[in-house]
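Chemist: Enclosed is the structure file my_file-v9.cif (mmCIF, C-alpha atoms).
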data_data
#
loop_
_atom_site.label_atom_id
_atom_site.label_comp_id
_atom_site.auth_asym_id
_atom_site.auth_seq_id
_atom_site.Cartn_x
_atom_site.Cartn_y
_atom_site.Cartn_z
CA MET J 1 12.31 2.47 20.77
CA LYS J 2 11.65 6.20 20.86
CA HIS J 3 11.40 6.27 17.07
CA LEU J 4 9.14 3.22 17.13
CA LEU J 5 6.73 4.96 19.49
CA LEU J 6 6.87 8.51 18.19
CA HIS J 7 7.06 7.94 14.44
CA ASN J 8 3.55 8.52 13.00
CA TRP J 9 2.30 8.95 16.58
CA LYS J 10 -0.99 10.59 15.58
CA ILE J 11 -1.89 7.69 13.29
CA LYS J 12 -0.83 5.20 15.97
CA LEU J 13 -3.02 6.95 18.53
CA VAL J 14 -6.01 6.87 16.20
CA CYS J 15 -5.33 3.17 15.56
CA ILE J 16 -5.36 2.43 19.29
CA VAL J 17 -8.68 4.28 19.71
CA LEU J 18 -10.13 2.48 16.71
CA ALA J 19 -8.81 -0.85 17.99
CA PHE J 20 -10.48 -0.24 21.34
CA VAL J 21 -13.80 0.62 19.67
CA VAL J 22 -13.61 -2.45 17.43
CA TRP J 23 -12.66 -4.62 20.42
CA TYR J 24 -15.55 -3.18 22.42
CA VAL J 25 -18.10 -3.81 19.68
CA ILE J 26 -16.84 -7.36 19.18
CA GLN J 27 -16.86 -7.93 22.92
CA GLN J 28 -20.48 -6.81 23.04
CA ASN J 29 -21.33 -9.19 20.21
CA VAL J 30 -19.49 -12.11 21.74
CA ASP J 31 -20.72 -11.55 25.28
CA PRO J 32 -23.72 -9.17 25.25
CA ALA J 33 -24.62 -10.08 28.82
CA GLY J 34 -21.13 -9.25 30.06
CA GLU J 35 -21.83 -5.61 30.59
CA ALA J 36 -25.14 -6.29 32.28
CA ARG J 37 -23.44 -8.77 34.60
CA ALA J 38 -20.72 -6.25 35.37
CA ARG J 39 -23.32 -3.59 36.15
CA ALA J 40 -25.24 -5.98 38.35
CA ALA J 41 -22.05 -6.90 40.21
CA VAL J 42 -21.23 -3.24 40.80
CA SER J 43 -24.76 -2.42 42.01
CA SER J 44 -24.82 -5.40 44.38
CA GLU J 45 -21.58 -4.21 45.96
CA MET W 1 -2.51 -0.81 45.18
CA PRO W 2 -3.87 -4.40 45.43
CA ALA W 3 -6.97 -3.17 43.62
CA ALA W 4 -4.79 -1.94 40.75
CA LEU W 5 -2.96 -5.27 40.67
CA ASP W 6 -6.27 -7.12 40.61
CA PHE W 7 -7.46 -4.91 37.76
CA ILE W 8 -4.30 -5.62 35.75
CA ARG W 9 -4.54 -9.35 36.47
CA GLU W 10 -8.14 -9.38 35.32
CA HIS W 11 -7.80 -7.22 32.23
CA TRP W 12 -4.30 -7.79 30.81
CA THR W 13 -5.65 -10.12 28.14
CA HIS W 14 -7.99 -7.34 26.98
CA ALA W 15 -5.02 -4.98 26.69
CA VAL W 16 -3.16 -7.58 24.61
CA GLU W 17 -6.21 -7.98 22.36
CA VAL W 18 -6.57 -4.23 21.86
CA GLY W 19 -2.82 -3.94 21.23
CA LEU W 20 -2.88 -6.67 18.58
CA LEU W 21 -5.90 -5.09 16.90
CA ALA W 22 -4.16 -1.70 16.93
CA ILE W 23 -1.05 -3.19 15.25
CA LEU W 24 -3.26 -4.87 12.65
CA ILE W 25 -5.14 -1.63 11.94
CA TYR W 26 -1.92 0.43 11.79
CA TYR W 27 -0.18 -1.82 9.28
CA GLY W 28 -3.43 -2.22 7.36
CA TYR W 29 -3.64 1.55 7.11
CA LEU W 30 0.00 1.80 5.95
CA TYR W 31 -0.75 -0.78 3.30
CA PHE W 32 -4.01 0.70 2.05
CA ARG W 33 -3.27 4.41 2.18
CA GLY W 34 -2.82 5.94 -1.22
CA THR W 35 -5.17 3.38 -2.71
CA PRO W 36 -8.53 4.41 -4.21
CA GLY W 37 -10.46 3.01 -1.25
CA ALA W 38 -8.37 4.67 1.47
CA LYS W 39 -10.61 7.71 1.80
CA ILE W 40 -13.68 5.49 2.08
CA LEU W 41 -11.93 3.50 4.81
CA VAL W 42 -11.05 6.63 6.80
CA GLY W 43 -14.60 7.99 6.40
CA LEU W 44 -16.19 4.72 7.52
CA ALA W 45 -13.81 4.47 10.49
CA LEU W 46 -14.66 8.01 11.62
CA VAL W 47 -18.43 7.39 11.37
CA PHE W 48 -18.02 4.07 13.18
CA ILE W 49 -15.96 5.55 16.04
CA SER W 50 -18.17 8.60 16.53
CA LEU W 51 -21.43 6.62 16.46
CA THR W 52 -20.08 4.00 18.86
CA LEU W 53 -18.78 6.59 21.32
CA THR W 54 -22.02 8.61 21.11
CA SER W 55 -24.21 5.56 21.65
CA GLN W 56 -22.13 4.55 24.68
CA LEU W 57 -21.90 7.99 26.25
CA LEU W 58 -25.60 8.79 25.80
CA ASP W 59 -26.71 5.21 26.35
CA LEU W 60 -28.47 5.02 22.99
CA HIS W 61 -29.54 1.38 22.89
CA VAL W 62 -31.05 1.44 19.40
CA ILE W 63 -27.95 2.99 17.81
CA GLY W 64 -25.78 0.55 19.75
CA TRP W 65 -27.84 -2.41 18.53
CA LEU W 66 -27.78 -1.03 14.98
CA LEU W 67 -23.98 -0.70 15.07
CA ARG W 68 -23.54 -4.20 16.40
CA SER W 69 -25.86 -5.60 13.72
CA LEU W 70 -24.28 -3.58 10.93
CA SER W 71 -20.70 -4.42 11.89
CA VAL W 72 -20.97 -7.82 10.16
CA PHE W 73 -22.26 -6.22 6.94
CA LEU W 74 -19.61 -3.51 7.28
CA ALA W 75 -16.91 -6.17 7.33
CA LEU W 76 -18.37 -7.70 4.15
CA ALA W 77 -18.60 -4.26 2.52
CA LEU W 78 -14.92 -3.63 3.31
CA VAL W 79 -13.99 -6.90 1.60
CA VAL W 80 -15.89 -5.78 -1.52
CA ILE W 81 -14.47 -2.22 -1.49
CA PHE W 82 -10.90 -3.40 -1.00
CA GLN W 83 -11.11 -6.45 -3.22
CA PRO W 84 -8.16 -5.40 -5.49
CA GLU W 85 -5.97 -4.48 -2.53
CA LEU W 86 -6.83 -7.64 -0.63
CA ARG W 87 -6.11 -9.72 -3.71
CA ARG W 88 -2.72 -8.04 -3.98
CA ALA W 89 -2.00 -8.52 -0.28
CA LEU W 90 -2.90 -12.20 -0.44
CA SER W 91 -0.85 -12.77 -3.57
CA GLU W 92 2.10 -11.10 -1.80
CA LEU W 93 1.62 -13.43 1.15
CA GLY W 94 1.57 -16.41 -1.16
CA SER W 95 4.42 -15.32 -3.39
CA GLN W 96 7.60 -17.34 -3.27
CA HIS W 97 11.01 -15.88 -2.51
CA PHE W 98 13.12 -18.59 -4.10
CA PHE W 99 14.04 -16.59 -7.15
CA ARG W 100 15.10 -13.27 -5.73
CA SER W 101 15.67 -10.78 -8.50
CA THR W 102 19.30 -10.08 -9.23
CA MET W 103 18.05 -6.63 -10.11
CA GLN W 104 18.54 -5.93 -6.44
CA LYS W 105 22.11 -4.94 -7.00
CA LYS W 106 23.55 -1.55 -6.66
CA GLU W 107 25.36 -1.59 -10.00
CA THR W 108 22.16 -2.36 -11.86
CA ILE W 109 20.38 0.45 -10.06
CA ASP W 110 23.14 2.84 -11.11
CA GLU W 111 22.91 1.66 -14.70
CA LEU W 112 19.15 1.97 -14.64
CA ALA W 113 19.33 5.48 -13.21
CA GLU W 114 21.86 6.48 -15.84
CA THR W 115 19.61 5.09 -18.59
CA VAL W 116 16.49 6.77 -17.26
CA PHE W 117 18.12 10.18 -16.99
CA ASP W 118 19.61 9.84 -20.45
CA LEU W 119 16.08 9.17 -21.71
CA ALA W 120 14.86 12.21 -19.76
CA ARG W 121 17.60 14.43 -21.23
CA ARG W 122 16.53 13.46 -24.74
CA GLN W 123 12.85 13.73 -23.73
CA PHE W 124 12.07 10.21 -24.83
CA GLY W 125 8.88 9.04 -23.14
CA ALA W 126 9.42 5.76 -21.30
CA LEU W 127 7.65 3.31 -19.04
CA ILE W 128 9.66 0.55 -17.38
CA ALA W 129 8.10 -1.95 -14.96
CA ILE W 130 10.47 -3.89 -12.73
CA GLU W 131 9.00 -7.13 -11.53
CA ARG W 132 9.50 -8.07 -7.90
CA ASP W 133 7.84 -10.94 -6.06
CA ILE W 134 4.50 -10.90 -7.86
CA SER W 135 4.63 -12.03 -11.46
CA ILE W 136 3.59 -9.54 -14.14
CA ARG W 137 4.01 -12.14 -16.86
CA GLN W 138 0.40 -11.69 -17.94
CA PHE W 139 1.22 -8.17 -19.13
CA ALA W 140 4.28 -9.37 -21.01
CA SER W 141 1.99 -11.34 -23.29
CA THR W 142 0.34 -8.09 -24.45
CA GLY W 143 3.62 -6.89 -25.97
CA VAL W 144 6.56 -8.27 -27.90
CA ASP W 145 8.78 -10.92 -26.29
CA LEU W 146 12.44 -9.94 -26.08
CA ASP W 147 14.23 -11.83 -23.28
CA ALA W 148 17.39 -9.74 -23.63
CA VAL W 149 20.09 -8.75 -21.15
CA PHE W 150 19.35 -5.35 -19.63
CA SER W 151 21.53 -2.64 -21.08
CA LYS W 152 21.37 1.09 -21.48
CA GLU W 153 21.71 0.83 -25.25
CA LEU W 154 18.80 -1.57 -25.54
CA ILE W 155 16.46 0.61 -23.48
CA MET W 156 17.51 3.75 -25.38
CA THR W 157 16.81 1.97 -28.66
CA ILE W 158 13.42 0.69 -27.55
CA PHE W 159 12.21 4.13 -26.51
CA GLN W 160 13.45 5.95 -29.61
CA PRO W 161 10.24 7.72 -30.70
CA LYS W 162 10.33 6.31 -34.21
CA THR W 163 10.81 2.66 -33.35
CA VAL W 164 7.99 0.16 -33.46
CA LEU W 165 8.45 -0.85 -29.82
CA HIS W 166 8.54 2.61 -28.23
CA ASP W 167 4.81 2.74 -27.48
CA GLY W 168 3.88 0.85 -24.32
CA GLY W 169 5.86 -0.43 -21.38
CA VAL W 170 8.99 -2.48 -20.98
CA ILE W 171 9.06 -5.31 -18.45
CA VAL W 172 12.26 -6.12 -16.58
CA GLN W 173 12.44 -9.47 -14.80
CA ASN W 174 15.58 -10.75 -13.10
CA GLU W 175 17.85 -8.26 -14.82
CA ARG W 176 16.49 -9.20 -18.22
CA VAL W 177 14.25 -7.19 -20.49
CA THR W 178 11.56 -9.75 -21.12
CA ALA W 179 9.08 -7.76 -23.20
CA ALA W 180 8.49 -4.37 -24.77
CA ALA W 181 5.46 -2.46 -26.08
CA CYS W 182 3.36 -4.03 -23.33
CA ILE W 183 -0.06 -2.72 -22.41
CA PHE W 184 -0.48 -2.11 -18.69
CA PRO W 185 -3.81 -1.62 -16.89
CA LEU W 186 -4.75 2.02 -16.37
CA THR W 187 -5.50 3.23 -12.89
CA SER W 188 -9.12 4.20 -12.27
CA ARG W 189 -8.23 6.78 -9.63
CA GLU W 190 -10.00 10.10 -10.05
CA ASP W 191 -7.92 12.12 -7.61
CA LEU W 192 -4.89 12.24 -9.87
CA ASP W 193 -3.51 15.37 -11.48
CA ARG W 194 -5.23 15.98 -14.81
CA SER W 195 -1.86 16.61 -16.42
CA LEU W 196 -0.97 12.92 -16.02
CA GLY W 197 -1.26 11.16 -19.34
CA LEU W 198 -1.98 7.56 -20.23
CA ARG W 199 1.64 6.49 -19.70
CA HIS W 200 1.58 7.72 -16.10
CA ARG W 201 -1.85 6.18 -15.51
CA ALA W 202 -0.55 2.86 -16.82
CA GLY W 203 2.51 3.16 -14.55
CA ILE W 204 0.30 3.66 -11.53
CA GLY W 205 -2.07 0.93 -12.73
CA ILE W 206 0.58 -1.79 -12.88
CA THR W 207 1.81 -0.93 -9.38
CA GLU W 208 -1.75 -1.19 -8.07
CA GLU W 209 -2.10 -4.66 -9.56
CA SER W 210 1.26 -5.95 -8.36
CA ASP W 211 4.29 -5.08 -6.23
CA ALA W 212 6.23 -4.01 -9.32
CA ILE W 213 8.06 -0.70 -9.51
CA ALA W 214 7.26 1.51 -12.48
CA ILE W 215 9.69 4.10 -13.78
CA LEU W 216 8.26 6.83 -15.97
CA VAL W 217 9.83 9.44 -18.17
CA SER W 218 7.57 12.16 -19.47
CA GLU W 219 7.79 12.87 -23.18
CA GLU W 220 6.61 16.46 -22.72
CA THR W 221 8.69 17.58 -19.77
CA GLY W 222 11.44 14.96 -19.47
CA HIS W 223 10.54 14.57 -15.79
CA VAL W 224 11.25 11.25 -14.12
CA SER W 225 8.65 9.64 -11.84
CA LEU W 226 8.62 6.51 -9.74
CA CYS W 227 5.51 4.47 -8.88
CA HIS W 228 5.18 1.87 -6.19
CA ARG W 229 2.03 0.41 -4.60
CA GLY W 230 -0.13 2.85 -6.55
CA ILE W 231 1.76 5.92 -5.30
CA ILE W 232 3.48 8.16 -7.80
CA GLU W 233 6.42 10.37 -6.96
CA ARG W 234 7.01 12.91 -9.64
CA ASN W 235 9.87 15.05 -10.86
CA LEU W 236 12.72 13.24 -9.14
CA ASN W 237 16.32 14.27 -9.62
CA ALA W 238 19.03 11.71 -10.29
CA GLU W 239 20.22 11.46 -6.71
CA LYS W 240 16.75 11.17 -5.23
CA PHE W 241 15.75 8.64 -7.89
CA ARG W 242 18.79 6.44 -7.18
CA ARG W 243 18.26 6.65 -3.43
CA ARG W 244 14.58 5.74 -3.61
CA LEU W 245 15.08 2.97 -6.10
CA SER W 246 17.73 1.54 -3.78
CA GLN W 247 15.31 1.79 -0.86
CA LEU W 248 12.68 -0.11 -2.83
CA LEU W 249 14.88 -2.76 -4.37
CA LEU W 250 17.53 -3.33 -1.74
CA LEU W 251 15.62 -2.97 1.50
CA GLU W 252 13.33 -5.83 2.23
CA ARG W 253 11.36 -4.30 5.07
CA TYR W 254 7.86 -3.19 4.10
CA GLU W 255 8.19 -0.07 6.25
CA ALA W 256 11.28 0.96 4.30
CA SER W 257 9.42 0.74 1.04
CA SER W 258 6.26 2.45 2.24
CA PRO W 259 5.34 5.85 0.82
CA ALA W 260 5.92 7.47 4.24
CA GLN W 261 9.58 6.56 4.08
CA LEU W 262 9.83 7.56 0.49
CA GLU W 263 8.54 11.01 1.19
CA ASN W 264 11.28 11.69 3.76
#
For this file, write the structure as structure tokens.
Modeler:
Amino acid sequence: MKHLLLHNWKIKLVCIVLAFVVWYVIQQNVDPAGEARARAAVSSE
Amino acid sequence: MPAALDFIREHWTHAVEVGLLAILIYYGYLYFRGTPGAKILVGLALVFISLTLTSQLLDLHVIGWLLRSLSVFLALALVVIFQPELRRALSELGSQHFFRSTMQKKETIDELAETVFDLARRQFGALIAIERDISIRQFASTGVDLDAVFSKELIMTIFQPKTVLHDGGVIVQNERVTAAACIFPLTSREDLDRSLGLRHRAGIGITEESDAIAILVSEETGHVSLCHRGIIERNLNAEKFRRRLSQLLLLERYEASSPAQLEN
């Protein structure tokens, strides 16, 4: 498990960041109003 | 604490999605690194990440919109850039495993290593491609059909500098030497050492087109090299060569046959 996590850890970290960015961009494309709704919900609270 | 639990309950699917994407990107990177398009991929990824983060942090709507619009075209561009690699990946996915090569035996590896280092000692240039799951039959048709049992004597005879068959590559399929004097595709990579001749470029080329393993012996230096997935490892000694060939032919796991493992 330790080897699985720590082997190539820098590349794995970059992959997670990249995955998050890709996920975020896709999320924005799929549901562009999502963020606006979330902001509105926060401001109404 | 309940707030944290609520957050987890609400967003765990997002974490799973990001995790799956990260795994996909990681194994994609392992597969594509060392290929001609790898540097382009890294460059594009860096530009993409930095622009996305900048547009989010500074709330740049136009850049954000531009990135979202371009992401579709970017995906198409990646397909075009990595067309050879994708073709190879898909053909690997579709390849059948019914006829596992009997080459994957330790004794054969030992015999092969002995042959290769005998060729190196005599400074006979050689190029041997060992077929794995993806057929390289199309290259066999460019040479002379043999269909002979693999033996040290046969290989030594083929690569004797004055024989008719010594120029070109030998193809080994299922422990049989199927063809000699074959013409393999040359790699188009520009980042290779200028000292690499046509034989080495052909060795790299065939491993870019298929999952074959190419063994090279330099005529000038007698150095032995091993190519796999477009990566060349040069100047191997007998022990290292045997160990790495065993890793590639005996271990089935992709990770075990990746260049990262080979370099260790």
Chemist: For the provided coordinates, the residues matched by the PyMOL selection byres ((chain W) within 12 of (chain J)) should be stated as an MDAnalysis selection string.
Modeler: chainID W and resid 13:30 33 42 44:56 64:72 74:75 255 260:261
Chemist: Keeping only C-alpha atoms, write the selected residues as a PDB file, keeping the file's coordinate frame.
Modeler:
ATOM      1  CA  THR W  13      -5.650 -10.120  28.140  1.00  0.00           C
ATOM      2  CA  HIS W  14      -7.990  -7.340  26.980  1.00  0.00           C
ATOM      3  CA  ALA W  15      -5.020  -4.980  26.690  1.00  0.00           C
ATOM      4  CA  VAL W  16      -3.160  -7.580  24.610  1.00  0.00           C
ATOM      5  CA  GLU W  17      -6.210  -7.980  22.360  1.00  0.00           C
ATOM      6  CA  VAL W  18      -6.570  -4.230  21.860  1.00  0.00           C
ATOM      7  CA  GLY W  19      -2.820  -3.940  21.230  1.00  0.00           C
ATOM      8  CA  LEU W  20      -2.880  -6.670  18.580  1.00  0.00           C
ATOM      9  CA  LEU W  21      -5.900  -5.090  16.900  1.00  0.00           C
ATOM     10  CA  ALA W  22      -4.160  -1.700  16.930  1.00  0.00           C
ATOM     11  CA  ILE W  23      -1.050  -3.190  15.250  1.00  0.00           C
ATOM     12  CA  LEU W  24      -3.260  -4.870  12.650  1.00  0.00           C
ATOM     13  CA  ILE W  25      -5.140  -1.630  11.940  1.00  0.00           C
ATOM     14  CA  TYR W  26      -1.920   0.430  11.790  1.00  0.00           C
ATOM     15  CA  TYR W  27      -0.180  -1.820   9.280  1.00  0.00           C
ATOM     16  CA  GLY W  28      -3.430  -2.220   7.360  1.00  0.00           C
ATOM     17  CA  TYR W  29      -3.640   1.550   7.110  1.00  0.00           C
ATOM     18  CA  LEU W  30       0.000   1.800   5.950  1.00  0.00           C
ATOM     19  CA  ARG W  33      -3.270   4.410   2.180  1.00  0.00           C
ATOM     20  CA  VAL W  42     -11.050   6.630   6.800  1.00  0.00           C
ATOM     21  CA  LEU W  44     -16.190   4.720   7.520  1.00  0.00           C
ATOM     22  CA  ALA W  45     -13.810   4.470  10.490  1.00  0.00           C
ATOM     23  CA  LEU W  46     -14.660   8.010  11.620  1.00  0.00           C
ATOM     24  CA  VAL W  47     -18.430   7.390  11.370  1.00  0.00           C
ATOM     25  CA  PHE W  48     -18.020   4.070  13.180  1.00  0.00           C
ATOM     26  CA  ILE W  49     -15.960   5.550  16.040  1.00  0.00           C
ATOM     27  CA  SER W  50     -18.170   8.600  16.530  1.00  0.00           C
ATOM     28  CA  LEU W  51     -21.430   6.620  16.460  1.00  0.00           C
ATOM     29  CA  THR W  52     -20.080   4.000  18.860  1.00  0.00           C
ATOM     30  CA  LEU W  53     -18.780   6.590  21.320  1.00  0.00           C
ATOM     31  CA  THR W  54     -22.020   8.610  21.110  1.00  0.00           C
ATOM     32  CA  SER W  55     -24.210   5.560  21.650  1.00  0.00           C
ATOM     33  CA  GLN W  56     -22.130   4.550  24.680  1.00  0.00           C
ATOM     34  CA  GLY W  64     -25.780   0.550  19.750  1.00  0.00           C
ATOM     35  CA  TRP W  65     -27.840  -2.410  18.530  1.00  0.00           C
ATOM     36  CA  LEU W  66     -27.780  -1.030  14.980  1.00  0.00           C
ATOM     37  CA  LEU W  67     -23.980  -0.700  15.070  1.00  0.00           C
ATOM     38  CA  ARG W  68     -23.540  -4.200  16.400  1.00  0.00           C
ATOM     39  CA  SER W  69     -25.860  -5.600  13.720  1.00  0.00           C
ATOM     40  CA  LEU W  70     -24.280  -3.580  10.930  1.00  0.00           C
ATOM     41  CA  SER W  71     -20.700  -4.420  11.890  1.00  0.00           C
ATOM     42  CA  VAL W  72     -20.970  -7.820  10.160  1.00  0.00           C
ATOM     43  CA  LEU W  74     -19.610  -3.510   7.280  1.00  0.00           C
ATOM     44  CA  ALA W  75     -16.910  -6.170   7.330  1.00  0.00           C
ATOM     45  CA  GLU W 255       8.190  -0.070   6.250  1.00  0.00           C
ATOM     46  CA  ALA W 260       5.920   7.470   4.240  1.00  0.00           C
ATOM     47  CA  GLN W 261       9.580   6.560   4.080  1.00  0.00           C
TER      48      GLN W 261
END
Chemist: Expand the PyMOL selection byres ((chain W and resi 194-201) around 10) into the explicit residue set it covers here, and present it as a PDB file with C-alpha atoms, keeping the file's coordinate frame.
Modeler:
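Written file, selection-v9.pdb:
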ATOM      1  CA  GLY W 125       8.880   9.040 -23.140  1.00  0.00           C
ATOM      2  CA  ALA W 126       9.420   5.760 -21.300  1.00  0.00           C
ATOM      3  CA  LEU W 127       7.650   3.310 -19.040  1.00  0.00           C
ATOM      4  CA  ASP W 167       4.810   2.740 -27.480  1.00  0.00           C
ATOM      5  CA  GLY W 168       3.880   0.850 -24.320  1.00  0.00           C
ATOM      6  CA  GLY W 169       5.860  -0.430 -21.380  1.00  0.00           C
ATOM      7  CA  ILE W 183      -0.060  -2.720 -22.410  1.00  0.00           C
ATOM      8  CA  PHE W 184      -0.480  -2.110 -18.690  1.00  0.00           C
ATOM      9  CA  PRO W 185      -3.810  -1.620 -16.890  1.00  0.00           C
ATOM     10  CA  LEU W 186      -4.750   2.020 -16.370  1.00  0.00           C
ATOM     11  CA  THR W 187      -5.500   3.230 -12.890  1.00  0.00           C
ATOM     12  CA  SER W 188      -9.120   4.200 -12.270  1.00  0.00           C
ATOM     13  CA  ARG W 189      -8.230   6.780  -9.630  1.00  0.00           C
ATOM     14  CA  GLU W 190     -10.000  10.100 -10.050  1.00  0.00           C
ATOM     15  CA  ASP W 191      -7.920  12.120  -7.610  1.00  0.00           C
ATOM     16  CA  LEU W 192      -4.890  12.240  -9.870  1.00  0.00           C
ATOM     17  CA  ASP W 193      -3.510  15.370 -11.480  1.00  0.00           C
ATOM     18  CA  ALA W 202      -0.550   2.860 -16.820  1.00  0.00           C
ATOM     19  CA  GLY W 203       2.510   3.160 -14.550  1.00  0.00           C
ATOM     20  CA  ILE W 204       0.300   3.660 -11.530  1.00  0.00           C
ATOM     21  CA  GLY W 205      -2.070   0.930 -12.730  1.00  0.00           C
ATOM     22  CA  ILE W 206       0.580  -1.790 -12.880  1.00  0.00           C
ATOM     23  CA  ALA W 214       7.260   1.510 -12.480  1.00  0.00           C
ATOM     24  CA  ILE W 215       9.690   4.100 -13.780  1.00  0.00           C
ATOM     25  CA  LEU W 216       8.260   6.830 -15.970  1.00  0.00           C
ATOM     26  CA  VAL W 217       9.830   9.440 -18.170  1.00  0.00           C
ATOM     27  CA  SER W 218       7.570  12.160 -19.470  1.00  0.00           C
ATOM     28  CA  GLU W 219       7.790  12.870 -23.180  1.00  0.00           C
ATOM     29  CA  SER W 225       8.650   9.640 -11.840  1.00  0.00           C
ATOM     30  CA  LEU W 226       8.620   6.510  -9.740  1.00  0.00           C
ATOM     31  CA  CYS W 227       5.510   4.470  -8.880  1.00  0.00           C
ATOM     32  CA  GLY W 230      -0.130   2.850  -6.550  1.00  0.00           C
ATOM     33  CA  ILE W 232       3.480   8.160  -7.800  1.00  0.00           C
ATOM     34  CA  ARG W 234       7.010  12.910  -9.640  1.00  0.00           C
TER      35      ARG W 234
END
Chemist: Let me know the residues the PyMOL selection byres ((chain W and resi 210) around 10) catches in the file above, as a list of chain:residue names.
Modeler: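 In the shown coordinates, the PyMOL selection byres ((chain W and resi 210) around 10) covers W:Pro84, W:Glu85, W:Arg87, W:Arg88, W:Ala89, W:Ser91, W:Glu92, W:Glu131, W:Arg132, W:Asp133, W:Ile134, W:Ser135, W:Ile136, W:Gly205, W:Ile206, W:Thr207, W:Glu208, W:Glu209, W:Asp211, W:Ala212, W:Ile213, W:His228, W:Arg229, W:Gly230.
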Chemist: From the set W:Trp12, W:Lys106, W:Pro161, W:Gln138, which residue has the shortest atom-to-atom contact distance to Gln123 of chain W, counting all atoms listed in the file?
Modeler: W:Pro161
Chemist: Could you complete segment 45-58 of chain W so that it carries N, CA and C atoms, and give it back as an mmCIF file, keeping the file's coordinate frame?
Modeler:
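Full text of part-v3.cif as output:
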data_model
loop_
_atom_site.group_PDB
_atom_site.id
_atom_site.type_symbol
_atom_site.label_atom_id
_atom_site.label_comp_id
_atom_site.auth_asym_id
_atom_site.auth_seq_id
_atom_site.Cartn_x
_atom_site.Cartn_y
_atom_site.Cartn_z
ATOM 1 N N ALA W 45 -14.378 4.604 9.139
ATOM 2 C CA ALA W 45 -13.810 4.470 10.490
ATOM 3 C C ALA W 45 -14.256 5.619 11.379
ATOM 4 N N LEU W 46 -14.250 6.833 10.837
ATOM 5 C CA LEU W 46 -14.660 8.010 11.620
ATOM 6 C C LEU W 46 -16.132 7.905 12.026
ATOM 7 N N VAL W 47 -16.984 7.532 11.074
ATOM 8 C CA VAL W 47 -18.430 7.390 11.370
ATOM 9 C C VAL W 47 -18.634 6.314 12.434
ATOM 10 N N PHE W 48 -17.908 5.211 12.261
ATOM 11 C CA PHE W 48 -18.020 4.070 13.180
ATOM 12 C C PHE W 48 -17.609 4.464 14.603
ATOM 13 N N ILE W 49 -16.452 5.143 14.706
ATOM 14 C CA ILE W 49 -15.960 5.550 16.040
ATOM 15 C C ILE W 49 -16.939 6.527 16.689
ATOM 16 N N SER W 50 -17.327 7.566 15.924
ATOM 17 C CA SER W 50 -18.170 8.600 16.530
ATOM 18 C C SER W 50 -19.533 8.045 16.944
ATOM 19 N N LEU W 51 -20.120 7.189 16.110
ATOM 20 C CA LEU W 51 -21.430 6.620 16.460
ATOM 21 C C LEU W 51 -21.329 5.703 17.685
ATOM 22 N N THR W 52 -20.244 4.910 17.725
ATOM 23 C CA THR W 52 -20.080 4.000 18.860
ATOM 24 C C THR W 52 -19.904 4.778 20.163
ATOM 25 N N LEU W 53 -19.019 5.796 20.116
ATOM 26 C CA LEU W 53 -18.780 6.590 21.320
ATOM 27 C C LEU W 53 -20.056 7.306 21.758
ATOM 28 N N THR W 54 -20.781 7.889 20.778
ATOM 29 C CA THR W 54 -22.020 8.610 21.110
ATOM 30 C C THR W 54 -23.039 7.666 21.740
ATOM 31 N N SER W 55 -23.194 6.494 21.132
ATOM 32 C CA SER W 55 -24.210 5.560 21.650
ATOM 33 C C SER W 55 -23.849 5.095 23.069
ATOM 34 N N GLN W 56 -22.537 4.981 23.348
ATOM 35 C CA GLN W 56 -22.130 4.550 24.680
ATOM 36 C C GLN W 56 -22.291 5.666 25.703
ATOM 37 N N LEU W 57 -21.847 6.856 25.313
ATOM 38 C CA LEU W 57 -21.900 7.990 26.250
ATOM 39 C C LEU W 57 -23.338 8.369 26.601
ATOM 40 N N LEU W 58 -24.211 8.368 25.574
ATOM 41 C CA LEU W 58 -25.600 8.790 25.800
ATOM 42 C C LEU W 58 -26.537 7.606 26.052
#
